[in-house]
file data-v8.csv (CSV, C-alpha atoms and all ligand atoms)
chain,number,residue,atom,x,y,z
Q,1,MET,CA,-1.4,12.3,31.3
Q,2,THR,CA,-1.2,10.0,28.3
Q,3,HIS,CA,2.1,9.6,26.4
Q,4,LEU,CA,2.1,6.9,23.8
Q,5,LEU,CA,5.4,5.5,22.5
Q,6,ILE,CA,5.1,4.1,18.9
Q,7,LEU,CA,7.9,1.7,18.0
Q,8,GLY,CA,7.9,2.3,14.2
Q,9,GLY,CA,9.5,2.0,10.9
Q,10,THR,CA,6.5,0.5,9.1
Q,11,THR,CA,3.5,1.7,7.1
Q,12,GLU,CA,1.3,0.5,10.0
Q,13,ALA,CA,3.2,2.7,12.5
Q,14,ASN,CA,2.9,5.7,10.1
Q,15,ALA,CA,-0.9,5.2,9.9
Q,16,LEU,CA,-1.1,5.0,13.7
Q,17,ALA,CA,0.9,8.2,14.1
Q,18,LYS,CA,-1.5,10.0,11.8
Q,19,ALA,CA,-4.5,8.7,13.6
Q,20,VAL,CA,-3.3,9.7,17.1
Q,21,ALA,CA,-2.1,13.1,15.8
Q,22,GLU,CA,-5.6,13.8,14.4
Q,23,ARG,CA,-7.1,12.9,17.8
Q,24,GLY,CA,-4.6,15.0,19.8
Q,25,ILE,CA,-3.2,12.0,21.7
Q,26,PRO,CA,0.3,12.9,22.9
Q,27,ALA,CA,2.7,10.4,21.3
Q,28,THR,CA,6.4,9.9,20.3
Q,29,TYR,CA,7.4,7.9,17.2
Q,30,SER,CA,10.6,5.9,17.5
Q,31,TYR,CA,12.8,5.0,14.6
Q,32,ALA,CA,15.8,2.7,14.8
Q,33,GLY,CA,17.7,5.0,12.4
Q,34,ARG,CA,18.4,2.4,9.7
Q,35,VAL,CA,17.6,4.6,6.7
Q,36,ASP,CA,19.2,7.9,5.7
Q,37,SER,CA,16.0,10.0,5.6
Q,38,PRO,CA,13.1,8.5,7.5
Q,39,ARG,CA,9.7,9.8,6.7
Q,40,PRO,CA,8.6,12.8,8.7
Q,41,GLN,CA,5.8,12.1,11.1
Q,42,PRO,CA,2.9,14.2,12.5
Q,43,VAL,CA,4.1,13.5,16.1
Q,44,PRO,CA,7.6,14.1,17.7
Q,45,VAL,CA,10.2,11.6,16.5
Q,46,ARG,CA,13.2,10.1,18.3
Q,47,VAL,CA,15.9,8.1,16.5
Q,48,GLY,CA,18.2,5.3,17.6
Q,49,GLY,CA,18.2,2.3,19.9
Q,50,TYR,CA,17.6,2.4,23.7
Q,51,GLY,CA,20.4,0.1,24.8
Q,52,GLY,CA,18.5,-3.1,25.2
Q,53,ALA,CA,15.4,-4.0,27.2
Q,54,ASP,CA,16.8,-2.3,30.3
Q,55,GLY,CA,17.5,0.9,28.4
Q,56,LEU,CA,13.9,0.9,27.0
Q,57,ALA,CA,12.5,0.3,30.5
Q,58,ARG,CA,14.5,3.3,31.7
Q,59,TYR,CA,13.2,5.4,28.8
Q,60,LEU,CA,9.6,4.5,29.6
Q,61,HIS,CA,10.1,5.5,33.2
Q,62,ASP,CA,12.0,8.7,32.5
Q,63,HIS,CA,9.6,10.0,29.8
Q,64,ALA,CA,6.5,9.0,31.7
Q,65,ILE,CA,5.3,6.8,28.9
Q,66,THR,CA,1.8,5.4,29.6
Q,67,HIS,CA,1.3,3.1,26.6
Q,68,VAL,CA,3.6,1.3,24.1
Q,69,VAL,CA,2.5,0.2,20.7
Q,70,ASP,CA,5.0,-2.1,19.0
Q,71,ALA,CA,4.3,-1.4,15.3
Q,72,THR,CA,7.7,-2.6,14.1
Q,73,HIS,CA,8.2,-5.0,11.2
Q,74,PRO,CA,7.4,-8.6,12.0
Q,75,PHE,CA,11.1,-9.5,11.5
Q,76,ALA,CA,12.3,-6.8,14.0
Q,77,ALA,CA,12.3,-9.6,16.6
Q,78,GLN,CA,14.9,-8.2,19.0
Q,79,MET,CA,13.0,-4.9,19.3
Q,80,SER,CA,9.8,-6.7,19.9
Q,81,ARG,CA,11.3,-9.0,22.5
Q,82,ASN,CA,12.8,-6.0,24.3
Q,83,ALA,CA,9.4,-4.2,24.2
Q,84,VAL,CA,7.7,-7.1,25.9
Q,85,SER,CA,10.3,-7.3,28.7
Q,86,ALA,CA,10.7,-3.5,29.2
Q,87,SER,CA,7.0,-2.8,29.3
Q,88,ARG,CA,6.6,-5.6,31.9
Q,89,GLU,CA,9.5,-4.2,33.9
Q,90,ALA,CA,8.2,-0.6,33.8
Q,91,ASP,CA,4.6,-1.8,34.2
Q,92,VAL,CA,3.4,0.0,31.1
Q,93,PRO,CA,0.7,-1.6,28.9
Q,94,LEU,CA,1.9,-2.9,25.5
Q,95,ALA,CA,0.1,-3.8,22.4
Q,96,ALA,CA,1.5,-4.9,19.1
Q,97,LEU,CA,0.1,-3.6,15.8
Q,98,THR,CA,0.8,-6.6,13.5
Q,99,ARG,CA,0.0,-7.6,10.0
Q,100,PRO,CA,-1.4,-11.0,9.1
Q,101,GLN,CA,1.3,-13.1,7.4
Q,102,TRP,CA,1.0,-13.8,3.6
Q,103,GLU,CA,-0.6,-17.2,2.7
Q,104,ALA,CA,0.2,-19.0,-0.5
Q,105,GLN,CA,-2.6,-18.9,-3.1
Q,106,GLU,CA,-3.3,-21.2,-6.0
Q,107,GLY,CA,-0.6,-20.8,-8.6
Q,108,ASP,CA,2.1,-19.8,-6.0
Q,109,ARG,CA,5.3,-21.9,-6.0
Q,110,TRP,CA,6.6,-21.2,-2.4
Q,111,GLN,CA,9.3,-23.1,-0.6
Q,112,HIS,CA,9.1,-22.3,3.1
Q,113,VAL,CA,12.4,-21.9,5.1
Q,114,PRO,CA,12.5,-21.0,8.8
Q,115,ASP,CA,15.1,-18.3,8.7
Q,116,ILE,CA,18.0,-16.7,6.8
Q,117,ASP,CA,20.2,-19.8,7.3
Q,118,GLY,CA,17.5,-21.9,5.8
Q,119,ALA,CA,17.3,-19.6,2.8
Q,120,LEU,CA,21.1,-19.9,2.4
Q,121,ALA,CA,21.0,-23.7,2.5
Q,122,ALA,CA,18.2,-23.7,-0.1
Q,123,LEU,CA,20.4,-21.4,-2.3
Q,124,SER,CA,23.3,-23.9,-2.5
Q,125,GLY,CA,23.5,-25.2,-6.1
Q,126,PRO,CA,24.0,-23.8,-9.5
Q,127,ALA,CA,23.9,-20.1,-10.3
Q,128,ARG,CA,20.5,-18.5,-10.8
Q,129,ARG,CA,19.1,-15.0,-11.2
Q,130,VAL,CA,17.7,-14.2,-7.8
Q,131,PHE,CA,15.5,-11.3,-6.7
Q,132,LEU,CA,16.8,-10.9,-3.1
Q,133,ALA,CA,14.1,-8.9,-1.3
Q,134,VAL,CA,15.4,-9.1,2.3
Q,135,GLY,CA,16.6,-5.6,3.0
Q,136,ARG,CA,20.1,-4.2,3.5
Q,137,MET,CA,20.9,-5.8,6.9
Q,138,HIS,CA,21.1,-9.4,5.7
Q,139,LEU,CA,22.9,-9.0,2.4
Q,140,VAL,CA,26.2,-9.9,3.9
Q,141,ASP,CA,24.8,-13.3,4.8
Q,142,PHE,CA,24.2,-14.1,1.2
Q,143,ALA,CA,27.9,-13.6,0.3
Q,144,ALA,CA,28.0,-17.3,1.4
Q,145,GLN,CA,26.2,-18.1,-1.9
Q,146,PRO,CA,28.2,-15.9,-4.3
Q,147,GLN,CA,27.5,-17.9,-7.4
Q,148,HIS,CA,24.1,-16.3,-8.0
Q,149,HIS,CA,23.3,-13.1,-9.8
Q,150,TYR,CA,21.3,-11.0,-7.3
Q,151,LEU,CA,18.8,-8.2,-7.9
Q,152,LEU,CA,18.6,-6.0,-4.8
Q,153,ARG,CA,15.9,-3.4,-4.1
Q,154,LEU,CA,17.1,-1.1,-1.3
Q,155,VAL,CA,15.7,2.1,0.3
Q,156,ASP,CA,19.0,3.9,0.1
Q,157,GLU,CA,21.9,3.8,-2.4
Q,158,PRO,CA,24.4,1.4,-0.8
Q,159,ASP,CA,28.0,2.4,-0.1
Q,160,ALA,CA,29.5,-1.0,-0.7
Q,161,LEU,CA,28.0,-4.4,-1.4
Q,162,PRO,CA,29.1,-7.7,-0.1
Q,163,LEU,CA,27.8,-9.6,-3.2
Q,164,PRO,CA,30.1,-9.9,-6.3
Q,165,ASN,CA,27.2,-10.2,-8.9
Q,166,CYS,CA,24.3,-7.9,-8.4
Q,167,ASP,CA,22.1,-5.2,-9.7
Q,168,VAL,CA,20.7,-2.6,-7.4
Q,169,VAL,CA,17.4,-0.8,-7.7
Q,170,VAL,CA,16.9,2.0,-5.2
Q,171,ALA,CA,13.2,2.4,-4.4
Q,172,ARG,CA,10.8,2.7,-1.5
Q,173,GLY,CA,7.4,0.9,-1.4
Q,174,PRO,CA,4.5,0.5,-1.8
Q,175,PHE,CA,5.1,-1.4,-5.1
Q,176,ALA,CA,2.7,-2.3,-7.8
Q,177,GLU,CA,2.4,-5.8,-9.4
Q,178,THR,CA,2.7,-4.6,-13.0
Q,179,ASP,CA,5.9,-2.7,-12.1
Q,180,ASP,CA,7.4,-5.7,-10.3
Q,181,ARG,CA,6.5,-8.1,-13.1
Q,182,ALA,CA,8.3,-5.8,-15.6
Q,183,LEU,CA,11.3,-5.5,-13.2
Q,184,MET,CA,11.5,-9.3,-12.8
Q,185,GLN,CA,11.2,-9.9,-16.6
Q,186,HIS,CA,13.7,-7.2,-17.4
Q,187,HIS,CA,16.2,-8.9,-15.0
Q,188,GLY,CA,15.4,-12.4,-16.1
Q,189,ILE,CA,14.6,-13.4,-12.5
Q,190,GLU,CA,14.3,-17.2,-11.8
Q,191,LEU,CA,13.8,-17.1,-8.0
Q,192,VAL,CA,12.5,-14.6,-5.5
Q,193,VAL,CA,13.7,-14.7,-1.9
Q,194,SER,CA,11.2,-12.9,0.5
Q,195,LYS,CA,10.6,-12.6,4.2
Q,196,ASN,CA,7.0,-13.3,5.1
Q,197,ALA,CA,6.4,-9.7,6.0
Q,198,GLY,CA,2.6,-9.5,5.3
Q,199,GLY,CA,0.8,-6.3,4.5
Q,200,THR,CA,0.1,-4.8,1.1
Q,201,GLY,CA,3.2,-2.6,0.4
Q,202,ALA,CA,5.6,-5.4,-0.5
Q,203,ARG,CA,3.4,-8.2,-1.7
Q,204,ALA,CA,3.5,-7.0,-5.3
Q,205,LYS,CA,6.6,-9.1,-5.9
Q,206,LEU,CA,4.7,-12.3,-4.8
Q,207,ASP,CA,1.8,-11.5,-7.1
Q,208,ALA,CA,4.3,-10.9,-9.9
Q,209,ALA,CA,6.1,-14.1,-9.2
Q,210,ARG,CA,2.8,-16.0,-9.4
Q,211,ALA,CA,1.8,-14.4,-12.7
Q,212,LEU,CA,5.2,-15.3,-14.1
Q,213,GLY,CA,5.4,-18.8,-12.6
Q,214,ILE,CA,8.6,-17.9,-10.7
Q,215,PRO,CA,9.3,-19.9,-7.5
Q,216,VAL,CA,9.6,-18.1,-4.1
Q,217,LEU,CA,11.8,-18.9,-1.2
Q,218,MET,CA,9.6,-17.7,1.7
Q,219,ILE,CA,11.4,-17.0,5.0
Q,220,ASP,CA,8.9,-17.6,7.8
Q,221,ARG,CA,8.5,-15.2,10.7
Q,222,PRO,CA,10.6,-15.4,13.9
Q,223,ALA,CA,8.8,-16.6,17.0
Q,224,LEU,CA,7.9,-13.8,19.5
Q,225,PRO,CA,6.8,-13.9,23.2
Q,226,GLN,CA,3.1,-13.8,24.0
Q,227,ARG,CA,1.7,-10.2,23.9
Q,228,THR,CA,-1.6,-8.4,23.0
Q,229,GLU,CA,-1.7,-8.5,19.2
Q,230,LEU,CA,-4.0,-6.2,17.2
Q,231,SER,CA,-4.2,-5.9,13.5
Q,232,SER,CA,-5.6,-2.5,12.7
Q,233,VAL,CA,-5.3,1.1,13.8
Q,234,ALA,CA,-9.0,1.1,14.8
Q,235,GLN,CA,-8.3,-1.8,17.2
Q,236,ILE,CA,-5.3,0.1,18.7
Q,237,LEU,CA,-7.5,3.2,19.3
Q,238,ASP,CA,-10.1,0.9,21.0
Q,239,TRP,CA,-7.4,-0.6,23.2
Q,240,LEU,CA,-6.3,3.0,24.1
Q,241,ALA,CA,-9.9,4.1,24.8
Q,242,HIS,CA,-10.5,1.0,27.0
Q,243,SER,CA,-7.5,1.9,29.1
Q,244,GLY,CA,-8.9,5.4,29.8
Q,245,VAL,CA,-7.3,7.4,27.0
Q,246,ASN,CA,-9.4,10.3,25.8
Q,247,LEU,CA,-9.6,10.0,22.0
Q,248,GLY,CA,-10.7,13.6,21.5
Q,249,VAL,CA,-12.6,14.1,18.2
M,1,LIG,P1,15.8,-5.6,15.4
M,1,LIG,O1,16.8,-6.5,14.9
M,1,LIG,O2,14.7,-6.2,16.1
M,1,LIG,O3,16.4,-4.4,16.3
M,1,LIG,C1,17.8,-4.4,16.7
M,1,LIG,C2,17.9,-3.2,17.6
M,1,LIG,O4,17.6,-1.9,16.9
M,1,LIG,C3,16.9,-3.1,18.7
M,1,LIG,O5,17.3,-4.0,19.8
M,1,LIG,C4,16.9,-1.7,19.1
M,1,LIG,O6,18.2,-1.3,19.7
M,1,LIG,C5,17.0,-1.0,17.7
M,1,LIG,N1,15.7,-0.7,17.2
M,1,LIG,C6,14.9,-1.5,16.3
M,1,LIG,N2,13.8,-0.9,16.0
M,1,LIG,C7,13.8,0.3,16.7
M,1,LIG,C8,12.8,1.3,16.8
M,1,LIG,N3,11.7,1.3,16.1
M,1,LIG,N4,13.2,2.4,17.6
M,1,LIG,C9,14.3,2.4,18.3
M,1,LIG,N5,15.3,1.4,18.2
M,1,LIG,C10,15.0,0.4,17.4
M,1,LIG,O7,15.2,-4.7,14.2
M,1,LIG,P2,15.6,-4.6,12.6
M,1,LIG,O8,15.1,-5.8,12.0
M,1,LIG,O9,17.0,-4.2,12.5
M,1,LIG,O10,14.6,-3.4,12.2
M,1,LIG,C11,15.0,-2.1,12.5
M,1,LIG,C12,13.8,-1.1,12.2
M,1,LIG,O11,13.5,-1.2,10.8
M,1,LIG,C13,12.6,-1.5,12.9
M,1,LIG,O12,12.1,-0.2,13.4
M,1,LIG,C14,11.6,-2.1,11.9
M,1,LIG,O13,10.3,-1.7,12.1
M,1,LIG,C15,12.2,-1.5,10.6
M,1,LIG,N6,12.0,-2.4,9.5
M,1,LIG,C16,12.6,-3.7,9.6
M,1,LIG,C17,12.5,-4.6,8.5
M,1,LIG,C18,13.0,-6.0,8.6
M,1,LIG,O14,12.9,-6.7,7.6
M,1,LIG,N7,13.6,-6.4,9.7
M,1,LIG,C19,11.8,-4.2,7.4
M,1,LIG,C20,11.2,-2.9,7.3
M,1,LIG,C21,11.4,-2.0,8.4
M,1,LIG,P3,18.4,-1.3,21.3
M,1,LIG,O15,18.4,-2.7,21.7
M,1,LIG,O16,19.6,-0.5,21.5
M,1,LIG,O17,17.1,-0.6,21.8
call {"tool": "encode", "arguments": {"input": "data-v8.csv", "output": "C-alpha cells"}}
result
Amino acid sequence: MTHLLILGGTTEANALAKAVAERGIPATYSYAGRVDSPRPQPVPVRVGGYGGADGLARYLHDHAITHVVDATHPFAAQMSRNAVSASREADVPLAALTRPQWEAQEGDRWQHVPDIDGALAALSGPARRVFLAVGRMHLVDFAAQPQHHYLLRLVDEPDALPLPNCDVVVARGPFAETDDRALMQHHGIELVVSKNAGGTGARAKLDAARALGIPVLMIDRPALPQRTELSSVAQILDWLAHSGVNLGV
C-alpha cells in the first residue's frame, strides 16, 4: 500500500499535501519543527529530525514508506542530502519538488555570493541599513558585521537577538511588492541580503529593490547530489502515477 512521505516546510510542500489529500493518497507531512506554530496540513503531520540519514532510512523502513518527496527549501541542504542517501539505503524512490531559482532582470543590481560566508565578506565596510532576509537560523553569523543596522523579517517573535542594531518585523509570507517597497522605504534600506530561494512567496523584496534601485546581495544555492527534480505538483502526481500509485479522483 502507498505511503508517501513529504519532507516539507514550504509552500510547495503544502500544495502537494493538499493535492494528495484530495486524491486520497496516504501521506505523512514532515516538519523540522523550526517555527512555533506550523501550518496545519490535510494529511497526518510529524515534527522533528530523524537523527541523520541512517535515522531517516530506519523511519522509511519502519513506517513502510513507499515514496519520498523532498519538498524542503532549496537551502535545506542537509535534509536534502540525507533524503538522497536514506532513500537509496532503504530502496525507496525519491523525487524533489523544487522551484526554479530567481534570475536577475533588467534593472536588478545583484551581487552574487556563494554562501553565508561570502555574504559576510561582502558586508565588511562602513555601516549601512540592511534588509537581512535570511531567516532566523543564520542571524548569529551576521554578528560578525555588527556595524550595520539590520531590518529582520521573522516568522516568530524572537527571544533574543545576536545583532546589536536591528528592527524586527514578525510576518509570514507570501509578501506583496507594494508592501515590501513601503517597508524598505520606511526603514531607509540601502542593501538587501537574500538567499536565492526562488518561488513567488518571497520574491516581492527583489521586485521592490529593483523598483527602488537598491542593490541586492544574492546568496547562491548550495550544491546538492543528483536526484530526480520536478518543478510542479502535477509533475509529482505523474511521477507517482508512473510508479503505480492509484491517484483516485
Ligand atoms: P537543514 O539544515 O537541511 O536540516 C537540518 C536538520 O533538520 C536535518 O538534518 C533534519 O534533522 C532536520 N530537518 C530539516 N528539515 C526537516 C523536515 N522537513 N522534517 C524533519 N526534519 C527536518 O534544514 P534547514 O535549512 O534548517 O530548514 C529546516 C526546515 O525549514 C526545512 O523543512 C525547510 O523546508 C524549512 N525552511 C528552510 C528555509 C531555509 O532558508 N533554510 C526557509 C524556509 C523553510 P535530522 O538530521 O535529525 O533528520
call {"tool": "residues_near_point", "arguments": {"input": "data-v8.csv", "point": "(12.5, -22.1, 10.7)", "cutoff": "12 Å", "atoms": "all atoms listed in the file", "output": "list in words"}}
result
Gln111, His112, Val113, Pro114, Asp115, Ile116, Asp117, Gly118, Ala119, Ala121, Lys195, Asn196, Met218, Ile219, Asp220, Arg221, Pro222 and Ala223 of chain Q
call {"tool": "closest_atom_pairs", "arguments": {"input": "data-v8.csv", "of": "chain Q", "to": "ligand LIG 1 (chain M)", "cutoff": "9 Å", "atoms": "all atoms listed in the file", "output": "CSV"}}
result
residue,atom,partner,partner_atom,distance
Q:Ile6,CA,M:LIG1,N3,7.7
Q:Leu7,CA,M:LIG1,N3,4.3
Q:Gly8,CA,M:LIG1,N3,4.4
Q:Gly9,CA,M:LIG1,O13,4.0
Q:Thr10,CA,M:LIG1,O13,5.3
Q:Thr11,CA,M:LIG1,C21,8.8
Q:Ala13,CA,M:LIG1,O13,8.4
Q:Tyr29,CA,M:LIG1,N3,8.0
Q:Ser30,CA,M:LIG1,N4,4.4
Q:Tyr31,CA,M:LIG1,N4,4.0
Q:Ala32,CA,M:LIG1,C10,3.6
Q:Gly33,CA,M:LIG1,N5,7.2
Q:Arg34,CA,M:LIG1,O11,6.2
Q:Val35,CA,M:LIG1,O11,8.2
Q:Arg46,CA,M:LIG1,N4,7.7
Q:Val47,CA,M:LIG1,C9,6.2
Q:Gly48,CA,M:LIG1,N5,4.9
Q:Gly49,CA,M:LIG1,N5,3.5
Q:Tyr50,CA,M:LIG1,O17,3.6
Q:Gly51,CA,M:LIG1,O16,3.4
Q:Gly52,CA,M:LIG1,O15,3.5
Q:Ala53,CA,M:LIG1,O15,6.4
Q:Asp54,CA,M:LIG1,O17,8.7
Q:Gly55,CA,M:LIG1,O17,6.8
Q:Leu56,CA,M:LIG1,O17,6.3
Q:Asp70,CA,M:LIG1,N3,8.1
Q:Ala71,CA,M:LIG1,O13,6.8
Q:Thr72,CA,M:LIG1,O13,3.4
Q:His73,CA,M:LIG1,O13,4.0
Q:Pro74,CA,M:LIG1,N7,7.0
Q:Phe75,CA,M:LIG1,N7,4.4
Q:Ala76,CA,M:LIG1,O2,3.2
Q:Ala77,CA,M:LIG1,O2,4.2
Q:Gln78,CA,M:LIG1,O2,3.5
Q:Met79,CA,M:LIG1,O2,3.8
Q:Ser80,CA,M:LIG1,O2,6.2
Q:Arg81,CA,M:LIG1,O2,7.8
Q:Asn82,CA,M:LIG1,O5,6.7
Q:Ala83,CA,M:LIG1,O17,8.8
Q:Val134,CA,M:LIG1,O14,6.3
Q:Gly135,CA,M:LIG1,O14,6.0
Q:Arg136,CA,M:LIG1,O14,8.7
Q:Met137,CA,M:LIG1,O9,7.0
Q:His138,CA,M:LIG1,O14,8.8
Q:Lys195,CA,M:LIG1,O14,7.2
Q:Ala197,CA,M:LIG1,O14,7.3
call {"tool": "closest_residue", "arguments": {"input": "data-v8.csv", "among": "Q:Arg39, Q:His187, Q:Ala122, Q:Ala171", "to": "Q:His149", "atoms": "all atoms listed in the file"}}
result
Q:His187
call {"tool": "atom_distance", "arguments": {"input": "data-v8.csv", "atom1": "atom CA of Q:Gly199", "atom2": "atom CA of Q:Thr98"}}
result
9.0 Å
call {"tool": "residues_around", "arguments": {"input": "data-v8.csv", "residues": "Q:Arg109", "least_positions_apart": "4", "cutoff": "10 Å", "atoms": "all atoms listed in the file", "output": "tab-separated table (two decimals) with C-alpha atoms, in the coordinates of the input"}}
result
chain	number	residue	atom	x	y	z
Q	104	ALA	CA	0.20	-19.00	-0.50
Q	105	GLN	CA	-2.60	-18.90	-3.10
Q	191	LEU	CA	13.80	-17.10	-8.00
Q	206	LEU	CA	4.70	-12.30	-4.80
Q	209	ALA	CA	6.10	-14.10	-9.20
Q	210	ARG	CA	2.80	-16.00	-9.40
Q	213	GLY	CA	5.40	-18.80	-12.60
Q	214	ILE	CA	8.60	-17.90	-10.70
Q	215	PRO	CA	9.30	-19.90	-7.50
Q	216	VAL	CA	9.60	-18.10	-4.10
Q	217	LEU	CA	11.80	-18.90	-1.20
Q	218	MET	CA	9.60	-17.70	1.70
call {"tool": "atom_distance", "arguments": {"input": "data-v8.csv", "atom1": "atom CA of Q:Gly244", "atom2": "atom CA of Q:Asp62"}}
result
21.3 Å
call {"tool": "closest_residue", "arguments": {"input": "data-v8.csv", "among": "Q:Val68, Q:Val192, Q:Leu94, Q:Ala17", "to": "Q:Pro44", "atoms": "all atoms listed in the file"}}
result
Q:Ala17
call {"tool": "residues_around", "arguments": {"input": "data-v8.csv", "residues": "Q:Ile189", "least_positions_apart": "5", "cutoff": "6 Å", "atoms": "all atoms listed in the file", "output": "NGL selection string"}}
result
:Q and (129-130 or 184)
call {"tool": "residues_near_point", "arguments": {"input": "data-v8.csv", "point": "(21.9, 2.7, 1.7)", "cutoff": "12 Å", "atoms": "all atoms listed in the file", "output": "list in words"}}
result
Gly33, Arg34, Val35, Asp36, Ser37, Gly135, Arg136, Met137, Leu139, Leu152, Arg153, Leu154, Val155, Asp156, Glu157, Pro158, Asp159, Ala160, Leu161, Val168, Val169, Val170, Ala171 and Arg172 of chain Q
call {"tool": "axis_aligned_box", "arguments": {"input": "data-v8.csv", "around": "stretch 17-24 of chain Q", "padding_each_side": "5 Å", "output": "JSON"}}
result
{"center_x": -3.1, "center_y": 11.6, "center_z": 15.8, "size_x": 18.0, "size_y": 16.8, "size_z": 18.0}
call {"tool": "atom_distance", "arguments": {"input": "data-v8.csv", "atom1": "atom CA of Q:Gln145", "atom2": "atom CA of Q:Ser124"}}
result
6.5 Å
call {"tool": "residues_around", "arguments": {"input": "data-v8.csv", "residues": "Q:Pro93", "least_positions_apart": "3", "cutoff": "12 Å", "atoms": "all atoms listed in the file", "output": "list in words"}}
result
Thr2, His3, Leu4, Leu5, Leu60, Ile65, Thr66, His67, Val68, Val69, Asp70, Ala83, Val84, Ser85, Ala86, Ser87, Arg88, Glu89, Ala90, Ala96, Arg227, Thr228, Ile236, Trp239, Leu240, His242, Ser243 and Gly244 of chain Q
call {"tool": "closest_residue", "arguments": {"input": "data-v8.csv", "among": "Q:His186, Q:Glu106, Q:Ala15, Q:Leu132", "to": "Q:Asn165", "atoms": "all atoms listed in the file"}}
result
Q:Leu132
call {"tool": "closest_residue", "arguments": {"input": "data-v8.csv", "among": "Q:Ala27, Q:Val45, Q:Ala182, Q:Val140", "to": "Q:Leu212", "atoms": "only C-alpha atoms"}}
result
Q:Ala182
